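**Student:** Following this message is one structure expressed as structure tokens.
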Amino acid sequence: MKEVIDYLRENNLSISTMESATGGYIASEITNIAGASEVMKFSAVTYSNEYKIKFGVPKEIIDKYTVYSKETARLMAKAISDYTKSTIGIGTTGKMNREDKMNPYGENDVLYAAIYDSRTDKYIDIKLKMTETERIENKKLVAKALEQNLKSVLY
């Protein structure tokens, strides 16, 4: 992630995250890098649908596609970018190693992530099968996939 943070700093770009399934892990990975305070504007852990909606994800999208969908991840990424005026927004949602009784729809053990680039108004969508038995290991897989895809967005 250091290479990404360095690139953002050198190019006066910024990043924010709205995380659900990853619970702040992506923000932690970013802020573990020296100099991240120059590019990281904000991070929100929006575990509940209520707070995804409060931060700008339309309830109609969650109702139509489920909270565990590419569409929801995309709108999380865009909403956090818009809210913070960040160049890059990241959204993560999905089910890791458990069923969600509050949201019974959507695939189990699948995570959706999206990267939104406000410069081009474009998204990169990521769908990952959560294969590890430990949640932290699945979060590491997501962080690695996001880092790789951030490089393709930025460079």
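Chains: A, B, ... in order of the structure tokens. Residues: from 1 per chain. Ligands: from 1, in order shown.
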Each residue of segment 24-55 of chain A with at least one atom at most 9 Å from segment 65-77 of chain A should appear once, together with its nearest atom pair and the corresponding distance in Å (one decimal); atoms considered: only C-alpha atoms; ordering: chain, then increasing residue number; output as JSON lines.

**Tutor:**
```
{"residue": "A:Asn49", "atom": "CA", "partner": "A:Val67", "partner_atom": "CA", "distance": 7.2}
{"residue": "A:Lys52", "atom": "CA", "partner": "A:Met76", "partner_atom": "CA", "distance": 7.1}
{"residue": "A:Phe55", "atom": "CA", "partner": "A:Met76", "partner_atom": "CA", "distance": 8.0}
```

**Student:** Set the distance at 9 Å and use only C-alpha atoms: which residues neighbour segment 92-97 of chain A once local chain neighbours fewer than 5 positions away are removed? I'd like the list as a PyMOL selection string.

**Tutor:** chain A and resi 17-23+47+67-70+72-74+76-77+106-114+130-135+138-139+142

**Student:** Once DSSP has gone over the backbone, tell me which residues of segment 16-146 of chain A are in helix (DSSP H, G or I), as a PyMOL selection string.

**Tutor:** chain A and resi 25-31+36-38+49-54+59-65+70-84+135-146

**Student:** Dump N, CA and C atoms for the selected residues as a compact mmCIF listing (two decimals), in the first residue's frame?

**Tutor:**
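Output saved as out.txt:
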```txt
# COMPACT_ATOMS: atom_id res chain seq x y z
N TYR A 25 -10.60 -2.22 8.17
CA TYR A 25 -9.29 -2.82 7.88
C TYR A 25 -8.56 -2.09 6.76
N ILE A 26 -9.29 -1.68 5.73
CA ILE A 26 -8.66 -0.99 4.60
C ILE A 26 -8.11 0.36 5.07
N ALA A 27 -8.90 1.08 5.84
CA ALA A 27 -8.42 2.35 6.40
C ALA A 27 -7.20 2.13 7.27
N SER A 28 -7.20 1.07 8.04
CA SER A 28 -6.05 0.77 8.89
C SER A 28 -4.81 0.48 8.05
N GLU A 29 -4.98 -0.27 6.98
CA GLU A 29 -3.85 -0.56 6.09
C GLU A 29 -3.30 0.73 5.48
N ILE A 30 -4.18 1.63 5.12
CA ILE A 30 -3.74 2.91 4.55
C ILE A 30 -3.00 3.73 5.61
N THR A 31 -3.59 3.84 6.79
CA THR A 31 -3.00 4.70 7.82
C THR A 31 -1.80 4.07 8.50
N ALA A 36 0.31 8.95 5.28
CA ALA A 36 -1.08 8.72 4.89
C ALA A 36 -1.99 9.88 5.30
N SER A 37 -1.62 10.60 6.34
CA SER A 37 -2.45 11.71 6.80
C SER A 37 -2.55 12.81 5.75
N GLU A 38 -1.63 12.83 4.79
CA GLU A 38 -1.67 13.83 3.72
C GLU A 38 -2.70 13.47 2.65
N ASN A 49 -27.33 -1.02 7.43
CA ASN A 49 -27.95 -0.41 6.26
C ASN A 49 -28.30 1.05 6.55
N GLU A 50 -28.75 1.30 7.77
CA GLU A 50 -29.15 2.65 8.17
C GLU A 50 -28.04 3.67 7.89
N TYR A 51 -26.80 3.31 8.22
CA TYR A 51 -25.72 4.27 8.04
C TYR A 51 -25.19 4.30 6.61
N LYS A 52 -25.34 3.23 5.89
CA LYS A 52 -25.02 3.29 4.45
C LYS A 52 -25.96 4.32 3.80
N ILE A 53 -27.22 4.25 4.17
CA ILE A 53 -28.23 5.16 3.62
C ILE A 53 -27.93 6.60 4.07
N LYS A 54 -27.62 6.79 5.36
CA LYS A 54 -27.33 8.14 5.86
C LYS A 54 -26.13 8.77 5.15
N LYS A 59 -31.68 3.86 -0.43
CA LYS A 59 -32.38 2.68 0.09
C LYS A 59 -32.93 1.83 -1.05
N GLU A 60 -33.34 2.48 -2.13
CA GLU A 60 -33.91 1.76 -3.28
C GLU A 60 -32.89 0.82 -3.91
N ILE A 61 -31.63 1.21 -3.89
CA ILE A 61 -30.57 0.35 -4.45
C ILE A 61 -30.37 -0.87 -3.56
N ILE A 62 -30.33 -0.66 -2.25
CA ILE A 62 -30.19 -1.77 -1.31
C ILE A 62 -31.39 -2.71 -1.44
N ASP A 63 -32.60 -2.14 -1.53
CA ASP A 63 -33.80 -2.97 -1.67
C ASP A 63 -33.81 -3.75 -2.98
N LYS A 64 -33.35 -3.13 -4.05
CA LYS A 64 -33.40 -3.77 -5.37
C LYS A 64 -32.29 -4.82 -5.55
N TYR A 65 -31.06 -4.48 -5.15
CA TYR A 65 -29.92 -5.35 -5.44
C TYR A 65 -29.40 -6.10 -4.23
N LYS A 70 -22.66 -5.60 -6.06
CA LYS A 70 -21.77 -4.68 -6.77
C LYS A 70 -22.34 -3.27 -6.75
N GLU A 71 -23.64 -3.16 -6.94
CA GLU A 71 -24.28 -1.85 -7.00
C GLU A 71 -24.15 -1.10 -5.68
N THR A 72 -24.32 -1.81 -4.57
CA THR A 72 -24.17 -1.18 -3.26
C THR A 72 -22.73 -0.77 -3.02
N ALA A 73 -21.78 -1.64 -3.35
CA ALA A 73 -20.36 -1.30 -3.18
C ALA A 73 -20.01 -0.06 -4.00
N ARG A 74 -20.51 -0.01 -5.23
CA ARG A 74 -20.24 1.16 -6.09
C ARG A 74 -20.76 2.44 -5.46
N LEU A 75 -21.98 2.39 -4.98
CA LEU A 75 -22.57 3.61 -4.42
C LEU A 75 -21.94 3.99 -3.09
N MET A 76 -21.43 3.01 -2.36
CA MET A 76 -20.67 3.32 -1.15
C MET A 76 -19.40 4.08 -1.52
N ALA A 77 -18.70 3.61 -2.55
CA ALA A 77 -17.46 4.25 -2.99
C ALA A 77 -17.73 5.67 -3.48
N LYS A 78 -18.77 5.84 -4.28
CA LYS A 78 -19.08 7.17 -4.81
C LYS A 78 -19.57 8.09 -3.70
N ALA A 79 -20.43 7.57 -2.82
CA ALA A 79 -20.98 8.41 -1.75
C ALA A 79 -19.88 8.93 -0.83
N ILE A 80 -18.90 8.10 -0.50
CA ILE A 80 -17.85 8.57 0.40
C ILE A 80 -16.92 9.54 -0.32
N SER A 81 -16.70 9.32 -1.61
CA SER A 81 -15.91 10.27 -2.39
C SER A 81 -16.62 11.63 -2.46
N ASP A 82 -17.91 11.59 -2.74
CA ASP A 82 -18.69 12.83 -2.80
C ASP A 82 -18.72 13.53 -1.45
N TYR A 83 -18.97 12.78 -0.40
CA TYR A 83 -19.09 13.34 0.96
C TYR A 83 -17.81 14.05 1.39
N THR A 84 -16.67 13.46 1.03
CA THR A 84 -15.39 13.99 1.49
C THR A 84 -14.64 14.80 0.43
N ARG A 135 -11.56 -14.53 9.51
CA ARG A 135 -11.98 -13.25 8.92
C ARG A 135 -10.80 -12.34 8.59
N ILE A 136 -9.81 -12.29 9.46
CA ILE A 136 -8.66 -11.42 9.23
C ILE A 136 -7.93 -11.82 7.94
N GLU A 137 -7.87 -13.10 7.66
CA GLU A 137 -7.21 -13.55 6.43
C GLU A 137 -8.01 -13.13 5.20
N ASN A 138 -9.33 -13.17 5.29
CA ASN A 138 -10.17 -12.69 4.19
C ASN A 138 -9.99 -11.18 4.00
N LYS A 139 -9.89 -10.44 5.09
CA LYS A 139 -9.67 -8.99 4.99
C LYS A 139 -8.34 -8.69 4.30
N LYS A 140 -7.34 -9.49 4.57
CA LYS A 140 -6.03 -9.32 3.92
C LYS A 140 -6.15 -9.56 2.41
N LEU A 141 -6.96 -10.55 2.02
CA LEU A 141 -7.18 -10.81 0.59
C LEU A 141 -7.83 -9.60 -0.07
N VAL A 142 -8.80 -9.01 0.59
CA VAL A 142 -9.49 -7.83 0.06
C VAL A 142 -8.51 -6.67 -0.07
N ALA A 143 -7.71 -6.44 0.96
CA ALA A 143 -6.75 -5.34 0.93
C ALA A 143 -5.77 -5.50 -0.23
N LYS A 144 -5.32 -6.72 -0.45
CA LYS A 144 -4.38 -6.97 -1.56
C LYS A 144 -5.04 -6.70 -2.91
N ALA A 145 -6.27 -7.17 -3.07
CA ALA A 145 -6.99 -6.94 -4.33
C ALA A 145 -7.23 -5.45 -4.55
N LEU A 146 -7.59 -4.73 -3.50
CA LEU A 146 -7.80 -3.29 -3.63
C LEU A 146 -6.50 -2.57 -3.99
```

**Student:** Considering only strand (DSSP E or B) as DSSP defines it on the backbone, what residues of segment 62-151 of chain A qualify? List them as a list in words.

**Tutor:** Ile88, Gly89, Ile90, Gly91, Thr92, Thr93, Gly94, Val110, Leu111, Tyr112, Ala113, Ala114, Ile115, Tyr116, Asp117, Lys122, Tyr123, Ile124, Asp125, Ile126, Lys127, Leu128 and Lys129 of chain A

**Student:** Can you tell me how far atom CA of Asn149 of chain A sits from atom CA of Ile124 of chain A, in Å to one decimal?

**Tutor:**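 If I compute the distance from atom CA of Asn149 of chain A to atom CA of Ile124 of chain A, I get 7.4 Å.
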
**Student:** Could you check which of A:Ile15, A:Ala44, A:Gly91, A:Arg9 is closest to Lys127 of chain A, using only C-alpha atoms?

**Tutor:**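 Distance minimum relative to Lys127 of chain A lands on A:Gly91.
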
**Student:** Quick one: residues within 10 Å of Asn11 of chain A, only C-alpha atoms, excluding same-chain residues fewer than 5 positions away - as a ChimeraX atom specification?

**Tutor:** /A:5-6,39,154
